[in-house]
$ cat query31.tsv   # TSV, C-alpha atoms (C1' of nucleotides)
chain	number	residue	atom	x	y	z
A	1	MET	CA	131.73	76.49	108.32
A	2	SER	CA	131.51	77.79	104.82
A	3	ASP	CA	131.22	75.53	101.83
A	4	ALA	CA	133.56	76.01	98.91
A	5	ALA	CA	130.84	77.33	96.63
A	6	THR	CA	130.00	80.16	98.99
A	7	LEU	CA	133.62	81.16	99.21
A	8	VAL	CA	134.08	81.11	95.46
A	9	ARG	CA	130.87	83.02	94.92
A	10	ALA	CA	132.08	85.75	97.26
A	11	ILE	CA	135.23	86.20	95.19
A	12	ASP	CA	133.21	86.46	92.02
A	13	ALA	CA	130.64	88.81	93.49
A	14	ALA	CA	133.36	91.18	94.62
A	15	GLY	CA	134.80	91.32	91.15
A	16	HIS	CA	137.95	89.34	91.83
A	17	ARG	CA	139.20	86.64	89.55
A	18	VAL	CA	138.05	83.13	90.21
A	19	THR	CA	141.29	81.30	89.75
A	20	GLU	CA	142.20	77.68	90.20
A	21	PRO	CA	144.47	78.30	93.22
A	22	ARG	CA	141.72	80.25	94.93
A	23	ARG	CA	139.25	77.46	94.28
A	24	ARG	CA	141.67	75.06	95.84
A	25	VAL	CA	142.13	77.16	98.93
A	26	ALA	CA	138.35	77.39	99.16
A	27	ASP	CA	138.20	73.58	99.04
A	28	LEU	CA	140.76	73.29	101.77
A	29	ILE	CA	138.82	75.66	103.97
A	30	ALA	CA	135.56	73.87	103.27
A	31	GLY	CA	137.20	70.58	104.14
A	32	ARG	CA	138.24	71.90	107.51
A	33	ASP	CA	136.26	71.35	110.62
A	34	GLY	CA	136.74	74.09	113.14
A	35	HIS	CA	139.42	76.70	113.25
A	36	PHE	CA	142.62	76.46	111.31
A	37	THR	CA	145.80	78.40	110.85
A	38	ALA	CA	147.48	79.43	107.64
A	39	ALA	CA	150.08	76.78	108.39
A	40	ASP	CA	147.33	74.13	108.54
A	41	LEU	CA	146.26	74.97	105.03
A	42	VAL	CA	149.84	75.03	103.78
A	43	GLU	CA	150.29	71.56	105.18
A	44	ASP	CA	146.99	70.32	103.74
A	45	ALA	CA	147.99	71.66	100.36
A	46	ARG	CA	151.32	69.90	100.46
A	47	GLY	CA	149.71	66.67	101.57
A	48	ARG	CA	147.31	66.74	98.67
A	49	ARG	CA	150.03	67.92	96.32
A	50	LEU	CA	147.99	70.86	95.12
A	51	GLY	CA	151.03	72.86	94.14
A	52	LEU	CA	149.90	75.92	96.07
A	53	GLY	CA	152.55	78.37	97.19
A	54	ARG	CA	152.64	79.62	100.73
A	55	ALA	CA	152.14	83.18	99.58
A	56	THR	CA	149.09	82.24	97.57
A	57	ILE	CA	147.47	80.74	100.62
A	58	PHE	CA	148.19	83.80	102.72
A	59	ARG	CA	146.89	86.04	99.99
A	60	ALA	CA	143.73	83.98	99.56
A	61	LEU	CA	143.10	84.04	103.29
A	62	ASP	CA	143.50	87.80	103.32
A	63	LEU	CA	141.03	88.06	100.52
A	64	PHE	CA	138.47	85.79	102.13
A	65	ALA	CA	138.84	87.67	105.39
A	66	GLU	CA	138.35	90.95	103.58
A	67	LEU	CA	135.19	89.58	102.01
A	68	GLY	CA	133.96	88.45	105.41
A	69	VAL	CA	133.59	84.78	104.55
A	70	VAL	CA	136.33	83.78	106.93
A	71	GLU	CA	137.34	85.66	110.02
A	72	ARG	CA	140.55	85.88	111.87
A	73	VAL	CA	140.39	84.97	115.54
A	74	ASP	CA	143.01	84.97	118.23
A	75	LEU	CA	143.12	81.82	120.24
A	76	PRO	CA	143.80	81.95	123.98
A	77	THR	CA	147.30	80.69	123.16
A	78	GLY	CA	147.94	83.81	121.13
A	79	ASP	CA	147.93	81.95	117.84
A	80	HIS	CA	146.21	83.51	114.90
A	81	ALA	CA	143.61	81.26	113.41
A	82	TYR	CA	140.72	81.55	111.01
A	83	VAL	CA	137.18	80.30	111.06
A	84	GLY	CA	134.78	80.13	108.17
A	85	CYS	CA	131.63	82.14	108.77
A	86	GLU	CA	128.59	83.56	107.14
A	87	PRO	CA	129.17	87.08	105.88
A	88	ILE	CA	126.58	88.56	108.17
A	89	ARG	CA	127.16	92.01	109.52
A	90	HIS	CA	128.39	91.85	113.07
A	91	HIS	CA	128.78	88.69	115.01
A	92	HIS	CA	131.03	86.76	117.32
A	93	HIS	CA	132.30	83.23	117.57
A	94	VAL	CA	132.04	80.65	120.26
A	95	ILE	CA	134.93	78.29	119.81
A	96	CYS	CA	135.02	74.78	121.16
A	97	THR	CA	138.30	74.20	122.92
A	98	VAL	CA	137.96	70.46	122.45
A	99	CYS	CA	137.23	70.03	118.76
A	100	GLY	CA	137.96	73.53	117.50
A	101	ARG	CA	134.63	74.01	115.80
A	102	SER	CA	133.05	77.40	116.02
A	103	THR	CA	129.54	78.74	115.97
A	104	ASP	CA	128.50	82.22	114.94
A	105	VAL	CA	126.53	84.24	117.43
A	106	GLU	CA	124.67	87.32	116.42
A	107	ASP	CA	123.54	90.05	118.73
A	108	CYS	CA	123.58	88.71	122.23
A	109	GLY	CA	123.26	91.74	124.44
A	110	MET	CA	126.62	93.28	123.71
A	111	ARG	CA	124.92	96.56	122.97
A	112	GLU	CA	124.19	97.08	126.64
A	113	VAL	CA	127.68	96.07	127.67
A	114	VAL	CA	129.23	98.53	125.26
A	115	ASP	CA	126.94	101.29	126.48
A	116	GLU	CA	127.77	100.49	130.06
A	117	VAL	CA	131.49	100.60	129.40
A	118	ALA	CA	131.15	103.88	127.57
A	119	ARG	CA	129.12	105.36	130.39
A	120	ARG	CA	131.58	104.21	133.00
A	121	THR	CA	134.83	105.14	131.32
A	122	GLY	CA	133.84	108.14	129.25
A	123	TYR	CA	135.28	106.54	126.13
A	124	ARG	CA	133.41	106.61	122.89
A	125	VAL	CA	133.49	102.91	122.05
A	126	ASP	CA	133.77	102.35	118.31
A	127	ALA	CA	134.58	98.69	118.05
A	128	HIS	CA	134.92	95.61	120.13
A	129	ARG	CA	136.13	92.13	119.74
A	130	LEU	CA	134.58	89.29	121.64
A	131	GLU	CA	135.66	85.71	121.46
A	132	LEU	CA	134.10	83.00	123.55
A	133	PHE	CA	135.67	79.68	124.37
A	134	GLY	CA	134.04	76.62	125.78
A	135	THR	CA	132.80	73.14	125.00
A	136	CYS	CA	130.26	72.44	122.31
A	137	PRO	CA	127.21	70.20	122.86
A	138	GLU	CA	128.75	67.26	120.98
A	139	CYS	CA	132.00	67.34	122.89
A	140	ARG	CA	130.17	67.29	126.17
A	141	GLY	CA	128.47	64.11	125.06
B	1	MET	CA	149.25	101.72	133.80
B	2	SER	CA	151.27	100.00	136.47
B	3	ASP	CA	154.07	101.68	138.31
B	4	ALA	CA	157.43	100.01	138.53
B	5	ALA	CA	157.12	99.31	142.24
B	6	THR	CA	153.92	97.32	141.76
B	7	LEU	CA	155.52	95.23	139.07
B	8	VAL	CA	158.60	94.52	141.15
B	9	ARG	CA	156.52	93.71	144.19
B	10	ALA	CA	154.57	91.15	142.18
B	11	ILE	CA	157.78	89.38	141.25
B	12	ASP	CA	158.90	89.27	144.82
B	13	ALA	CA	155.53	88.17	146.15
B	14	ALA	CA	155.48	85.25	143.78
B	15	GLY	CA	158.86	84.09	144.96
B	16	HIS	CA	160.82	85.02	141.86
B	17	ARG	CA	164.14	86.78	141.97
B	18	VAL	CA	164.13	90.52	141.88
B	19	THR	CA	166.95	91.10	139.45
B	20	GLU	CA	168.36	94.24	137.96
B	21	PRO	CA	167.21	93.39	134.41
B	22	ARG	CA	163.69	92.76	135.64
B	23	ARG	CA	163.68	96.06	137.49
B	24	ARG	CA	164.71	97.75	134.30
B	25	VAL	CA	161.97	96.13	132.29
B	26	ALA	CA	159.54	97.20	134.99
B	27	ASP	CA	160.80	100.76	134.61
B	28	LEU	CA	160.34	100.63	130.87
B	29	ILE	CA	156.78	99.42	131.26
B	30	ALA	CA	156.03	102.05	133.90
B	31	GLY	CA	157.40	104.69	131.59
B	32	ARG	CA	155.03	103.66	128.85
B	33	ASP	CA	151.75	105.32	128.25
B	34	GLY	CA	149.24	103.01	126.68
B	35	HIS	CA	149.83	99.72	125.02
B	36	PHE	CA	153.21	98.58	123.84
B	37	THR	CA	154.75	95.67	122.04
B	38	ALA	CA	157.76	93.64	123.01
B	39	ALA	CA	159.57	95.40	120.19
B	40	ASP	CA	158.76	98.78	121.74
B	41	LEU	CA	160.51	97.78	124.92
B	42	VAL	CA	163.47	96.37	123.05
B	43	GLU	CA	163.83	99.67	121.27
B	44	ASP	CA	163.43	101.67	124.48
B	45	ALA	CA	166.08	99.56	126.13
B	46	ARG	CA	168.52	100.12	123.31
B	47	GLY	CA	167.82	103.84	123.28
B	48	ARG	CA	168.59	104.08	126.96
B	49	ARG	CA	171.52	101.71	126.62
B	50	LEU	CA	170.27	99.47	129.38
B	51	GLY	CA	172.07	96.46	128.05
B	52	LEU	CA	168.98	94.29	128.13
B	53	GLY	CA	168.85	91.33	125.82
B	54	ARG	CA	165.84	90.72	123.64
B	55	ALA	CA	165.25	87.37	125.29
B	56	THR	CA	165.30	88.92	128.74
B	57	ILE	CA	162.58	91.33	127.74
B	58	PHE	CA	160.42	88.58	126.30
B	59	ARG	CA	160.97	86.48	129.39
B	60	ALA	CA	160.15	89.35	131.71
B	61	LEU	CA	156.98	90.11	129.78
B	62	ASP	CA	155.93	86.49	130.03
B	63	LEU	CA	156.53	86.58	133.73
B	64	PHE	CA	154.60	89.81	134.26
B	65	ALA	CA	151.75	88.46	132.18
B	66	GLU	CA	151.74	85.28	134.21
B	67	LEU	CA	151.54	87.34	137.39
B	68	GLY	CA	148.67	89.33	135.96
B	69	VAL	CA	150.32	92.73	136.22
B	70	VAL	CA	150.44	93.14	132.48
B	71	GLU	CA	148.09	91.56	130.02
B	72	ARG	CA	148.48	90.59	126.44
B	73	VAL	CA	145.95	92.08	124.07
B	74	ASP	CA	145.44	91.63	120.38
B	75	LEU	CA	145.04	94.86	118.53
B	76	PRO	CA	142.58	95.13	115.64
B	77	THR	CA	145.61	95.05	113.34
B	78	GLY	CA	146.47	91.61	114.64
B	79	ASP	CA	149.56	92.81	116.47
B	80	HIS	CA	150.29	91.43	119.88
B	81	ALA	CA	150.62	94.15	122.46
B	82	TYR	CA	150.67	94.42	126.21
B	83	VAL	CA	149.00	96.77	128.65
B	84	GLY	CA	149.85	97.23	132.28
B	85	CYS	CA	146.93	96.52	134.57
B	86	GLU	CA	145.94	95.96	138.12
B	87	PRO	CA	146.05	92.30	139.07
B	88	ILE	CA	142.36	92.16	139.77
B	89	ARG	CA	140.49	88.98	138.99
B	90	HIS	CA	138.63	89.31	135.74
B	91	HIS	CA	138.46	92.43	133.70
B	92	HIS	CA	138.66	93.84	130.24
B	93	HIS	CA	140.38	96.73	128.56
B	94	VAL	CA	139.08	99.67	126.63
B	95	ILE	CA	141.86	100.83	124.40
B	96	CYS	CA	142.05	104.29	122.91
B	97	THR	CA	142.83	104.03	119.23
B	98	VAL	CA	144.23	107.54	119.20
B	99	CYS	CA	146.72	107.58	122.08
B	100	GLY	CA	146.92	103.89	122.86
B	101	ARG	CA	146.12	104.26	126.54
B	102	SER	CA	143.93	101.66	128.10
B	103	THR	CA	141.50	101.57	130.98
B	104	ASP	CA	140.50	98.53	132.94
B	105	VAL	CA	136.83	97.70	133.14
B	106	GLU	CA	135.50	95.30	135.68
B	107	ASP	CA	132.21	93.51	135.47
B	108	CYS	CA	130.06	95.30	132.95
B	109	GLY	CA	127.21	92.95	132.26
B	110	MET	CA	129.17	90.27	130.46
B	111	ARG	CA	127.68	87.69	132.72
B	112	GLU	CA	124.33	88.02	131.00
B	113	VAL	CA	125.91	87.95	127.57
B	114	VAL	CA	127.79	84.77	128.34
B	115	ASP	CA	124.64	83.15	129.71
B	116	GLU	CA	122.70	84.20	126.66
B	117	VAL	CA	125.30	82.74	124.30
B	118	ALA	CA	125.39	79.50	126.26
B	119	ARG	CA	121.62	79.25	126.20
B	120	ARG	CA	121.46	79.91	122.49
B	121	THR	CA	124.29	77.68	121.30
B	122	GLY	CA	124.27	74.90	123.84
B	123	TYR	CA	127.97	75.43	124.52
B	124	ARG	CA	129.31	75.48	128.01
B	125	VAL	CA	131.19	78.77	127.92
B	126	ASP	CA	134.34	78.61	130.02
B	127	ALA	CA	136.22	81.70	128.99
B	128	HIS	CA	135.89	84.78	126.92
B	129	ARG	CA	138.02	87.57	125.71
B	130	LEU	CA	136.64	91.02	125.21
B	131	GLU	CA	138.59	93.95	123.95
B	132	LEU	CA	137.02	97.32	123.33
B	133	PHE	CA	138.41	100.03	121.12
B	134	GLY	CA	137.43	103.65	120.96
B	135	THR	CA	138.46	107.16	121.85
B	136	CYS	CA	139.24	108.23	125.38
B	137	PRO	CA	137.83	111.39	126.97
B	138	GLU	CA	141.10	113.32	126.58
B	139	CYS	CA	141.49	112.49	122.93
B	140	ARG	CA	137.99	113.64	122.20
B	141	GLY	CA	138.41	116.84	124.19
C	1	DT	C1'	176.81	78.25	147.60
C	2	DT	C1'	173.25	77.09	145.05
C	3	DT	C1'	170.06	77.68	141.52
C	4	DA	C1'	167.56	81.10	139.03
C	5	DC	C1'	168.43	84.33	135.76
C	6	DT	C1'	170.93	86.82	131.89
C	7	DG	C1'	173.02	87.92	127.36
C	8	DC	C1'	174.25	86.39	123.18
C	9	DA	C1'	173.70	84.28	118.97
C	10	DA	C1'	171.52	81.06	116.49
C	11	DA	C1'	167.37	78.62	115.54
C	12	DC	C1'	162.66	78.77	114.54
C	13	DA	C1'	158.16	80.38	113.16
C	14	DT	C1'	155.29	83.38	110.72
C	15	DT	C1'	154.07	86.63	107.26
C	16	DT	C1'	155.46	89.74	103.45
C	17	DT	C1'	157.60	91.10	99.12
C	18	DG	C1'	159.81	91.41	94.40
C	19	DC	C1'	159.52	89.66	90.17
C	20	DA	C1'	159.14	86.86	85.94
C	21	DG	C1'	155.83	84.12	84.02
C	22	DA	C1'	151.07	82.04	83.89
C	23	DT	C1'	146.11	82.76	83.45
C	24	DG	C1'	141.32	84.55	83.97
C	25	DT	C1'	138.16	87.67	81.67
D	1	DA	C1'	145.27	91.60	75.00
D	2	DC	C1'	146.13	92.96	79.41
D	3	DA	C1'	145.69	93.36	84.10
D	4	DT	C1'	145.39	90.28	87.76
D	5	DC	C1'	147.16	86.53	89.95
D	6	DT	C1'	150.66	82.78	91.03
D	7	DG	C1'	154.91	80.45	92.55
D	8	DC	C1'	159.31	80.86	94.06
D	9	DA	C1'	162.79	82.29	96.87
D	10	DA	C1'	164.43	85.81	99.68
D	11	DA	C1'	163.58	89.12	103.18
D	12	DA	C1'	161.40	91.02	107.00
D	13	DT	C1'	159.21	90.09	111.53
D	14	DG	C1'	158.41	88.07	115.73
D	15	DT	C1'	159.60	84.72	119.32
D	16	DT	C1'	162.14	80.88	121.41
D	17	DT	C1'	166.14	78.20	122.85
D	18	DG	C1'	170.84	76.40	124.25
D	19	DC	C1'	174.46	77.46	126.82
D	20	DA	C1'	178.28	79.41	129.40
D	21	DG	C1'	178.67	82.93	132.61
D	22	DT	C1'	176.51	86.10	136.43
D	23	DA	C1'	174.18	87.29	140.34
D	24	DA	C1'	170.23	86.97	143.73
D	25	DA	C1'	169.01	84.58	148.01
$ encode --input "query31.tsv" --output "structure tokens"
Amino acid sequence: MSDAATLVRAIDAAGHRVTEPRRRVADLIAGRDGHFTAADLVEDARGRRLGLGRATIFRALDLFAELGVVERVDLPTGDHAYVGCEPIRHHHHVICTVCGRSTDVEDCGMREVVDEVARRTGYRVDAHRLELFGTCPECRG
Amino acid sequence: MSDAATLVRAIDAAGHRVTEPRRRVADLIAGRDGHFTAADLVEDARGRRLGLGRATIFRALDLFAELGVVERVDLPTGDHAYVGCEPIRHHHHVICTVCGRSTDVEDCGMREVVDEVARRTGYRVDAHRLELFGTCPECRG
DNA sequence: TTTACTGCAAACATTTTGCAGATGT
DNA sequence: ACATCTGCAAAATGTTTGCAGTAAA
């Protein structure tokens, strides 16, 4: 759940050009609630007649992902989606399967799990990906 | 790391038809070391002139995944891949980023992590996906 | 013999790329 | 001014589907 200003600021801070199309993609992302796919943004853009090309949207998403202000997640369906998030170092997402909203979760004991897996399998574990799915407080009523 | 017989047995046990094309896909999977994509199998099949259609391979993979004898994983690159695995209830995979092999890991303390996330966010956590990446003992040797 | 399964080709979906022109800085 | 960025359309990928024919049970 990033606001447009944060997204734009990240572009600027990284030395990339703050262009009108990128601002517009930032607006689209900020206007989204929960996870979204590239196709969602393409559709939004067409609906609002923003004149954004498909490629531009994909490129902007890549950029935002690279800057860590959005993150790519894989839904249980196998679809690739994105969620806006704070550019904090390492964190995971809990995604509501009802409304699609996501919440960032920082360190939550994964350290021990990783150590345990390494100990048990003999692997050196360099990275992990954890995605959690469930129902958020609002959707449970 | 499933052998062909296990895969075929799973088809039979679930009441599906044990067909020649499915046997062949099972052989291809058994002959694989580490994770593989649908495209890998399509290429293998063509190389060995097995006369398997693309669609058949996709359908067989779906079936095997449904039976739990292979599992779909999302690589850090975003590619969809599959790994053979024992049809045990809930487990995760540690994937070697050097050779691609994977090892199943059963319960490794995720229970506590899930509880912690639920406590902190207020979500009811129903499912999670954990994939670990690193280097296996052989590849470090 | 019945119905599930297969191969093919075409449809569909998703993401990438080449390039001429527009535009931030 | 000049390199970066954009839009377009085409290409490259990845996956699904309809259907007539084939084969497992």
$ closest_atom_pairs --input "query31.tsv" --of "region 19-67 of chain B" --to "region 8-20 of chain D" --cutoff "9 Å" --atoms "all atoms listed in the file" --output "Markdown table"
| residue | atom | partner | partner_atom | distance |
| --- | --- | --- | --- | --- |
| B:Ala39 | CA | D:DG14 | C1' | 8.7 |
| B:Ala55 | CA | D:DT16 | C1' | 8.2 |
| B:Phe58 | CA | D:DT15 | C1' | 8.0 |
$ write_last_selection --input "query31.tsv" --atoms "C-alpha atoms" --output "tab-separated table (two decimals), keeping the file's coordinate frame"
chain	number	residue	atom	x	y	z
B	39	ALA	CA	159.57	95.40	120.19
B	55	ALA	CA	165.25	87.37	125.29
B	58	PHE	CA	160.42	88.58	126.30
$ atom_distance --input "query31.tsv" --atom1 "CA of His128 (chain B)" --atom2 "CA of Leu132 (chain A)"
4.2 Å
$ axis_aligned_box --input "query31.tsv" --around "region 112-126 of chain A" --padding-each-side "3 Å" --output "lines of an AutoDock Vina configuration file"
center_x = 129.7
center_y = 102.1
center_z = 125.7
size_x = 17.1
size_y = 18.1
size_z = 20.7
$ calpha_fit_and_write --input "query31.tsv" --fixed "chain A" --moving "chain B" --output "short mmCIF file (atom, residue, chain, number, x, y, z; two decimals) with C-alpha atoms, keeping the file's coordinate frame"
data_model
loop_
_atom_site.label_atom_id
_atom_site.label_comp_id
_atom_site.auth_asym_id
_atom_site.auth_seq_id
_atom_site.Cartn_x
_atom_site.Cartn_y
_atom_site.Cartn_z
CA MET B 1 131.85 76.43 108.37
CA SER B 2 131.57 77.77 104.86
CA ASP B 3 131.24 75.56 101.85
CA ALA B 4 133.56 76.03 98.93
CA ALA B 5 130.83 77.36 96.66
CA THR B 6 130.01 80.20 99.05
CA LEU B 7 133.63 81.20 99.24
CA VAL B 8 134.07 81.16 95.49
CA ARG B 9 130.87 83.07 94.96
CA ALA B 10 132.10 85.79 97.30
CA ILE B 11 135.22 86.23 95.21
CA ASP B 12 133.22 86.51 92.06
CA ALA B 13 130.65 88.86 93.55
CA ALA B 14 133.36 91.23 94.64
CA GLY B 15 134.80 91.36 91.16
CA HIS B 16 137.94 89.37 91.84
CA ARG B 17 139.18 86.64 89.57
CA VAL B 18 138.01 83.15 90.23
CA THR B 19 141.26 81.30 89.78
CA GLU B 20 142.16 77.68 90.19
CA PRO B 21 144.44 78.31 93.19
CA ARG B 22 141.70 80.25 94.94
CA ARG B 23 139.22 77.47 94.28
CA ARG B 24 141.65 75.06 95.84
CA VAL B 25 142.12 77.17 98.92
CA ALA B 26 138.35 77.40 99.17
CA ASP B 27 138.18 73.61 99.05
CA LEU B 28 140.77 73.31 101.78
CA ILE B 29 138.83 75.68 104.00
CA ALA B 30 135.55 73.89 103.28
CA GLY B 31 137.20 70.62 104.17
CA ARG B 32 138.24 71.94 107.54
CA ASP B 33 136.26 71.39 110.65
CA GLY B 34 136.76 74.13 113.16
CA HIS B 35 139.42 76.74 113.26
CA PHE B 36 142.62 76.50 111.31
CA THR B 37 145.82 78.42 110.84
CA ALA B 38 147.48 79.45 107.64
CA ALA B 39 150.06 76.78 108.38
CA ASP B 40 147.32 74.14 108.53
CA LEU B 41 146.27 74.98 105.02
CA VAL B 42 149.83 75.02 103.78
CA GLU B 43 150.28 71.56 105.18
CA ASP B 44 146.99 70.33 103.74
CA ALA B 45 147.97 71.66 100.36
CA ARG B 46 151.30 69.89 100.43
CA GLY B 47 149.69 66.66 101.57
CA ARG B 48 147.30 66.75 98.67
CA ARG B 49 150.01 67.93 96.31
CA LEU B 50 147.96 70.86 95.11
CA GLY B 51 150.98 72.85 94.14
CA LEU B 52 149.87 75.91 96.05
CA GLY B 53 152.50 78.35 97.16
CA ARG B 54 152.61 79.58 100.72
CA ALA B 55 152.14 83.15 99.56
CA THR B 56 149.07 82.22 97.55
CA ILE B 57 147.46 80.73 100.62
CA PHE B 58 148.21 83.79 102.72
CA ARG B 59 146.90 86.03 99.98
CA ALA B 60 143.74 83.99 99.57
CA LEU B 61 143.12 84.04 103.30
CA ASP B 62 143.52 87.80 103.35
CA LEU B 63 141.06 88.09 100.53
CA PHE B 64 138.50 85.80 102.15
CA ALA B 65 138.87 87.69 105.41
CA GLU B 66 138.38 90.96 103.60
CA LEU B 67 135.21 89.60 102.04
CA GLY B 68 133.98 88.49 105.42
CA VAL B 69 133.61 84.81 104.57
CA VAL B 70 136.35 83.81 106.95
CA GLU B 71 137.36 85.69 110.04
CA ARG B 72 140.59 85.91 111.89
CA VAL B 73 140.43 84.99 115.55
CA ASP B 74 143.05 85.01 118.23
CA LEU B 75 143.15 81.85 120.24
CA PRO B 76 143.81 81.98 123.98
CA THR B 77 147.30 80.69 123.18
CA GLY B 78 147.95 83.80 121.15
CA ASP B 79 147.96 81.94 117.85
CA HIS B 80 146.27 83.51 114.89
CA ALA B 81 143.63 81.27 113.42
CA TYR B 82 140.76 81.58 111.02
CA VAL B 83 137.20 80.32 111.07
CA GLY B 84 134.81 80.17 108.18
CA CYS B 85 131.65 82.16 108.78
CA GLU B 86 128.61 83.56 107.14
CA PRO B 87 129.16 87.07 105.86
CA ILE B 88 126.57 88.54 108.15
CA ARG B 89 127.13 92.00 109.54
CA HIS B 90 128.39 91.81 113.08
CA HIS B 91 128.79 88.65 115.02
CA HIS B 92 131.04 86.73 117.32
CA HIS B 93 132.33 83.21 117.58
CA VAL B 94 132.07 80.61 120.27
CA ILE B 95 134.95 78.26 119.81
CA CYS B 96 135.04 74.75 121.18
CA THR B 97 138.33 74.17 122.92
CA VAL B 98 138.00 70.43 122.45
CA CYS B 99 137.26 70.01 118.74
CA GLY B 100 138.00 73.50 117.50
CA ARG B 101 134.66 73.99 115.79
CA SER B 102 133.09 77.37 116.01
CA THR B 103 129.57 78.71 115.96
CA ASP B 104 128.52 82.17 114.96
CA VAL B 105 126.54 84.20 117.45
CA GLU B 106 124.67 87.26 116.42
CA ASP B 107 123.53 89.99 118.73
CA CYS B 108 123.59 88.65 122.25
CA GLY B 109 123.25 91.68 124.45
CA MET B 110 126.61 93.24 123.71
CA ARG B 111 124.91 96.49 122.96
CA GLU B 112 124.17 97.03 126.63
CA VAL B 113 127.67 96.04 127.64
CA VAL B 114 129.22 98.49 125.22
CA ASP B 115 126.92 101.26 126.44
CA GLU B 116 127.74 100.45 130.02
CA VAL B 117 131.49 100.58 129.36
CA ALA B 118 131.14 103.87 127.51
CA ARG B 119 129.10 105.35 130.33
CA ARG B 120 131.57 104.21 132.94
CA THR B 121 134.82 105.16 131.23
CA GLY B 122 133.82 108.15 129.17
CA TYR B 123 135.26 106.53 126.04
CA ARG B 124 133.40 106.58 122.81
CA VAL B 125 133.46 102.88 121.98
CA ASP B 126 133.74 102.30 118.25
CA ALA B 127 134.58 98.65 118.00
CA HIS B 128 134.92 95.57 120.07
CA ARG B 129 136.13 92.08 119.71
CA LEU B 130 134.58 89.25 121.62
CA GLU B 131 135.68 85.68 121.44
CA LEU B 132 134.13 82.97 123.55
CA PHE B 133 135.70 79.65 124.37
CA GLY B 134 134.06 76.58 125.79
CA THR B 135 132.83 73.11 125.01
CA CYS B 136 130.28 72.40 122.33
CA PRO B 137 127.23 70.17 122.87
CA GLU B 138 128.77 67.23 120.98
CA CYS B 139 132.00 67.31 122.90
CA ARG B 140 130.16 67.29 126.18
CA GLY B 141 127.86 64.48 125.10
#
$ residues_around --input "query31.tsv" --residues "region 98-109 of chain B" --least-positions-apart "3" --cutoff "10 Å" --atoms "all atoms listed in the file" --output "short mmCIF file (atom, residue, chain, number, x, y, z; two decimals) with C-alpha atoms, keeping the file's coordinate frame"
data_model
loop_
_atom_site.label_atom_id
_atom_site.label_comp_id
_atom_site.auth_asym_id
_atom_site.auth_seq_id
_atom_site.Cartn_x
_atom_site.Cartn_y
_atom_site.Cartn_z
CA GLY A 109 123.26 91.74 124.44
CA MET A 110 126.62 93.28 123.71
CA GLU A 112 124.19 97.08 126.64
CA VAL A 113 127.68 96.07 127.67
CA VAL A 114 129.23 98.53 125.26
CA ASP A 115 126.94 101.29 126.48
CA GLU A 116 127.77 100.49 130.06
CA VAL A 117 131.49 100.60 129.40
CA ARG A 120 131.58 104.21 133.00
CA THR A 121 134.83 105.14 131.32
CA TYR A 123 135.28 106.54 126.13
CA MET B 1 149.25 101.72 133.80
CA ARG B 32 155.03 103.66 128.85
CA ASP B 33 151.75 105.32 128.25
CA GLY B 34 149.24 103.01 126.68
CA HIS B 35 149.83 99.72 125.02
CA PHE B 36 153.21 98.58 123.84
CA VAL B 83 149.00 96.77 128.65
CA GLY B 84 149.85 97.23 132.28
CA CYS B 85 146.93 96.52 134.57
CA GLU B 86 145.94 95.96 138.12
CA ILE B 88 142.36 92.16 139.77
CA ARG B 89 140.49 88.98 138.99
CA HIS B 90 138.63 89.31 135.74
CA HIS B 91 138.46 92.43 133.70
CA HIS B 92 138.66 93.84 130.24
CA HIS B 93 140.38 96.73 128.56
CA VAL B 94 139.08 99.67 126.63
CA ILE B 95 141.86 100.83 124.40
CA GLU B 112 124.33 88.02 131.00
CA VAL B 113 125.91 87.95 127.57
CA VAL B 114 127.79 84.77 128.34
CA LEU B 132 137.02 97.32 123.33
CA PHE B 133 138.41 100.03 121.12
CA GLY B 134 137.43 103.65 120.96
CA THR B 135 138.46 107.16 121.85
CA CYS B 136 139.24 108.23 125.38
CA GLU B 138 141.10 113.32 126.58
CA CYS B 139 141.49 112.49 122.93
CA ARG B 140 137.99 113.64 122.20
#
$ interface_residues --input "query31.tsv" --of "chain D" --to "chain A" --cutoff "10 Å" --atoms "all atoms listed in the file" --output "ChimeraX atom specification"
/D:4-8
$ atom_distance --input "query31.tsv" --atom1 "CA of Leu61 (chain B)" --atom2 "CA of Ala38 (chain B)"
7.7 Å
$ atom_distance --input "query31.tsv" --atom1 "CA of Asp62 (chain B)" --atom2 "CA of Arg72 (chain A)"
23.8 Å
$ interface_residues --input "query31.tsv" --of "chain C" --to "chain B" --cutoff "10 Å" --atoms "only C-alpha atoms (C1' of nucleotides)" --output "PyMOL selection string"
chain C and resi 4-8
$ closest_residue --input "query31.tsv" --among "A:Asp3, A:Glu71, A:Asp79, A:Asp126" --to "chain B" --atoms "all atoms listed in the file"
A:Asp126
$ decode --input "query31.tsv" --residues "region 11-23 of chain C" --atoms "C-alpha atoms (C1' of nucleotides)" --output "PDB file, in the first residue's frame"
ATOM      1  C1'  DA C  11      -6.540 -19.710 -29.929  1.00  0.00           C
ATOM      2  C1'  DC C  12      -5.256 -17.219 -26.008  1.00  0.00           C
ATOM      3  C1'  DA C  13      -2.535 -14.963 -22.511  1.00  0.00           C
ATOM      4  C1'  DT C  14       1.521 -12.842 -20.999  1.00  0.00           C
ATOM      5  C1'  DT C  15       5.812 -10.516 -21.414  1.00  0.00           C
ATOM      6  C1'  DT C  16       9.616  -8.763 -24.351  1.00  0.00           C
ATOM      7  C1'  DT C  17      11.787  -6.227 -28.097  1.00  0.00           C
ATOM      8  C1'  DG C  18      13.078  -3.021 -32.014  1.00  0.00           C
ATOM      9  C1'  DC C  19      12.739   1.356 -33.326  1.00  0.00           C
ATOM     10  C1'  DA C  20      11.436   6.133 -34.513  1.00  0.00           C
ATOM     11  C1'  DG C  21      10.023   9.914 -32.098  1.00  0.00           C
ATOM     12  C1'  DA C  22       8.967  12.435 -27.685  1.00  0.00           C
ATOM     13  C1'  DT C  23      10.660  14.346 -23.343  1.00  0.00           C
TER      14       DT C  23
END
